[in-house]
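Okay, structure first, notes after.
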Amino acid sequence: MIKRLQQQLRDHPRIVDVAVAVVFCACSFPGSAVPLPGRDLGVPWWPGVLLGVISSTALLWRHGRPRTTAVVTGVCAIAMTALGYILTVLLLGPLMVALYALAVRTDRRTANGFALTGIALLLVTALIAGPTDEPLVLKLMGPVFWLLLPTSLGTATRLRAAVLEAVQARAEHAERTREEDARRRVTEERLRIARELHDVVAHHLVLAKIQAGVVARSLRSRPAEAERIVTELAGTTSSALRELRAAVGLLRHTDDQEWPLDPVPGLAQLPELIASFKTAGLTVTVTGSGEPRPLSAGADLAAYRIVQEALTNVTKHAASRSAAVRLAYSRDRLGVTITNEGGVTPPSSPASGSGYGLVGMRERALSVGGRLRAGRRAQGGFEVAAELPLHPSTPDEATAR
């Protein structure tokens with residue numbers, strides 16, 4: 001019942017304002033008739049009631065015009081003091097409410113300025129025109145206490161509301177940051193899986209297509225060779241299915257421990273990768289310089305996929321049937337260079353920069369803090385060169401280098 005009443009009052013604030021005004025109008029009747037102990041009231045009661053009604057009515061606008069309300073109620077209180085009324089809390093009530101509303105809706109300097117100005121004017125007026133037989137302590141201390149109290153309470157209420165608003169704003173900001181971070185992580189994971197699927201599907205489908213073409217051409221004239229290529233084609237498709245299954249397995253959000261995950265490929269599997277291109281008619285030579293050093297798992301996978309994608313592009317687009325892979329180890333970096341000598345790369349091919357293959361290679365290099373460049377060679381052919389750190393770092397650090 002009480003909660004329902006509170007909700008109704010919050011939904012209809014004007015009812016509260018009218019009730020407050022009516023209460024203080026009623027208080028002005030007994031407030032205007034309070035004399036000093038043992039003495040008669042030296043002034044008529046009706047001017048005090050009239051001023052009390054005016055100041056109480058002004059409270060209806062304390063939310064929208066708190067400064068005007070404070071001025072009107074302050075002037076009425078000063079006028080009561082000048083007429084000789086005893087400033088009890090009954091007559092100062094409207095001014096107290098006005099100062100509280102002013103402190104809640106304005107800054108501390110404004111609220112304190114109005115309160116101190118009102119106190120000073122009331123005290124000067126009481127000393128000049130107030131009852132001469134009123135005790136000095138009552139004349140001075142009463143207005144000071146009753147006017148500083150609502151100002152302090154209003155300032156405390158405003159500060160508390162500001163703190164709660166700041167806490168809520170920080171909580172909303174943290175929630176938005178978490179949501180943005182979650183979306184960013186989801187996007188990065190989607191890109192990573194897309195790169196894996198592209199590399200796996202493109203590589204194996206290109207090899208399977210070439211092997212199938214060789215089988216079709218050799219089936220009648222060279223059945224033994226065709227049989228051998230068919231066997232290799234079966235191995236190619238099995239490898240494709242195995243890697244595709246491992247890549248798709250990344251999409252499974254489960255704690256199932258029985259889900260088999262194949263080892264992550266790396267430069268250790270480079271000989272098998274080179275051998276797979278032989279069936280497609282591509283001869284690949286591998287050279288190295290420097291002392292081989294261990295790579296992080298991310299850099300090892302990136303190096304392997306860059307070599308795989310570059311050789312796949314050579315197989316698909318280059319006129320040359322040979323390519324060279326060079327691995328250059330330094331103290332903290334690995335240089336991977338893939339070149340094909342001679343031949344022309346079609347402008348519309350991924351190797352020319354318009355497809356997803358080259359984009360994926362660049363993303364892989366950046367993901368481990370490295371960099372990649374690709375383009376035509378002056379002496380003919382195409383070159384892909386990547387520099388990868390032996391230990392992972394951020395893409396920003398790589399860009400700075």
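Ordering of the structure tokens sets the chain letters (A, B, ...); residue numbers start at 1 within each chain; ligands are numbered from 1 in the order shown.
Residues with any atom within 10 Å of range 121-128 of chain A, counting only C-alpha atoms and excluding same-chain neighbours fewer than 6 positions away, are Gly74, Val75, Ala77, Ile78, Ala79, Met80, Thr81, Ala82, Leu83, Gly84, Tyr85, Ile86, Leu87, Glu134, Leu136, Lys139, Leu140, Met141, Gly142, Pro143 and Val144 of chain A.
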Practice task
Looking only at alpha helix (DSSP H) from DSSP on the backbone, list the matching residues of range 12-238 of chain A as a ChimeraX atom specification.
Solution key: /A:13-31,45-58,66-83,89-105,108-129,136-218,223-238
Fill in the blank from the handout: Atom pair CA of Val167 in chain A + CA of Thr106 in chain A, distance 20.3 Å
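For the pair CA of Gln269 in chain A and CA of Ser367 in chain A, the separation is 21.1 Å.
Between CA of Ser28 in chain A and CA of Leu91 in chain A there is a distance of 5.9 Å.
Summary of the local environment: counting only C-alpha atoms, residues at most 12 Å from Arg65 in chain A, other than itself and those fewer than 2 positions away along its chain, are Ala58, Leu59, Leu60, Trp61, Arg62, His63, Arg67, Thr68, Thr69, Ala70, Val71, Val72, Ala98, Leu99, Ala101, Leu102, Arg105 and Thr106 of chain A.
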Exercise for the section: Please provide the set of residues having any atom within 12 Å of range 326-331 of chain A, restricted to only C-alpha atoms, with same-chain residues fewer than 2 positions apart removed, written as a PyMOL selection string. Expected result: chain A and resi 267+270+284-295+303-304+307+323-324+333-340+383-391
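Using only C-alpha atoms for every distance, the candidate list A:Ser56, A:Thr237, A:Thr117, A:Gln7 yields A:Thr237 as the residue closest to Val206 in chain A.
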Quick one: residues within 6 Å of Ala302 in chain A, only C-alpha atoms counted, chain neighbours fewer than 3 positions away excluded, as a PDB file with all heavy atoms, in the first residue's frame?
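Saved result, result21.pdb, follows:
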```
ATOM      1  N   ALA A 299      53.099 -17.877 -34.827  1.00  0.00           N
ATOM      2  CA  ALA A 299      54.003 -17.540 -35.924  1.00  0.00           C
ATOM      3  C   ALA A 299      54.266 -18.751 -36.806  1.00  0.00           C
ATOM      4  O   ALA A 299      54.365 -18.639 -38.033  1.00  0.00           O
ATOM      5  CB  ALA A 299      55.307 -16.979 -35.361  1.00  0.00           C
ATOM      6  N   ARG A 305      50.791 -21.230 -43.326  1.00  0.00           N
ATOM      7  CA  ARG A 305      49.644 -20.848 -44.149  1.00  0.00           C
ATOM      8  C   ARG A 305      50.040 -19.853 -45.234  1.00  0.00           C
ATOM      9  O   ARG A 305      49.485 -19.882 -46.342  1.00  0.00           O
ATOM     10  CB  ARG A 305      48.550 -20.245 -43.264  1.00  0.00           C
ATOM     11  CG  ARG A 305      47.874 -21.226 -42.323  1.00  0.00           C
ATOM     12  CD  ARG A 305      47.256 -22.384 -43.056  1.00  0.00           C
ATOM     13  NE  ARG A 305      46.413 -23.206 -42.180  1.00  0.00           N
ATOM     14  CZ  ARG A 305      45.984 -24.416 -42.474  1.00  0.00           C
ATOM     15  NH1 ARG A 305      46.315 -24.956 -43.652  1.00  0.00           N
ATOM     16  NH2 ARG A 305      45.243 -25.101 -41.634  1.00  0.00           N
ATOM     17  N   ARG A 364      47.189 -12.670 -41.401  1.00  0.00           N
ATOM     18  CA  ARG A 364      47.944 -13.647 -40.605  1.00  0.00           C
ATOM     19  C   ARG A 364      49.252 -13.042 -40.106  1.00  0.00           C
ATOM     20  O   ARG A 364      49.628 -13.231 -38.941  1.00  0.00           O
ATOM     21  CB  ARG A 364      48.228 -14.893 -41.438  1.00  0.00           C
ATOM     22  CG  ARG A 364      47.028 -15.794 -41.637  1.00  0.00           C
ATOM     23  CD  ARG A 364      47.433 -17.114 -42.257  1.00  0.00           C
ATOM     24  NE  ARG A 364      46.266 -17.965 -42.477  1.00  0.00           N
ATOM     25  CZ  ARG A 364      45.723 -18.710 -41.532  1.00  0.00           C
ATOM     26  NH1 ARG A 364      46.232 -18.708 -40.311  1.00  0.00           N
ATOM     27  NH2 ARG A 364      44.665 -19.454 -41.793  1.00  0.00           N
TER      28      ARG A 364
END
```
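Of the residues listed (A:Gly381, A:Gly357, A:Pro30, A:Gly154), A:Gly357 shows the shortest atom-to-atom separation from Ala194 in chain A; distances use only C-alpha atoms.
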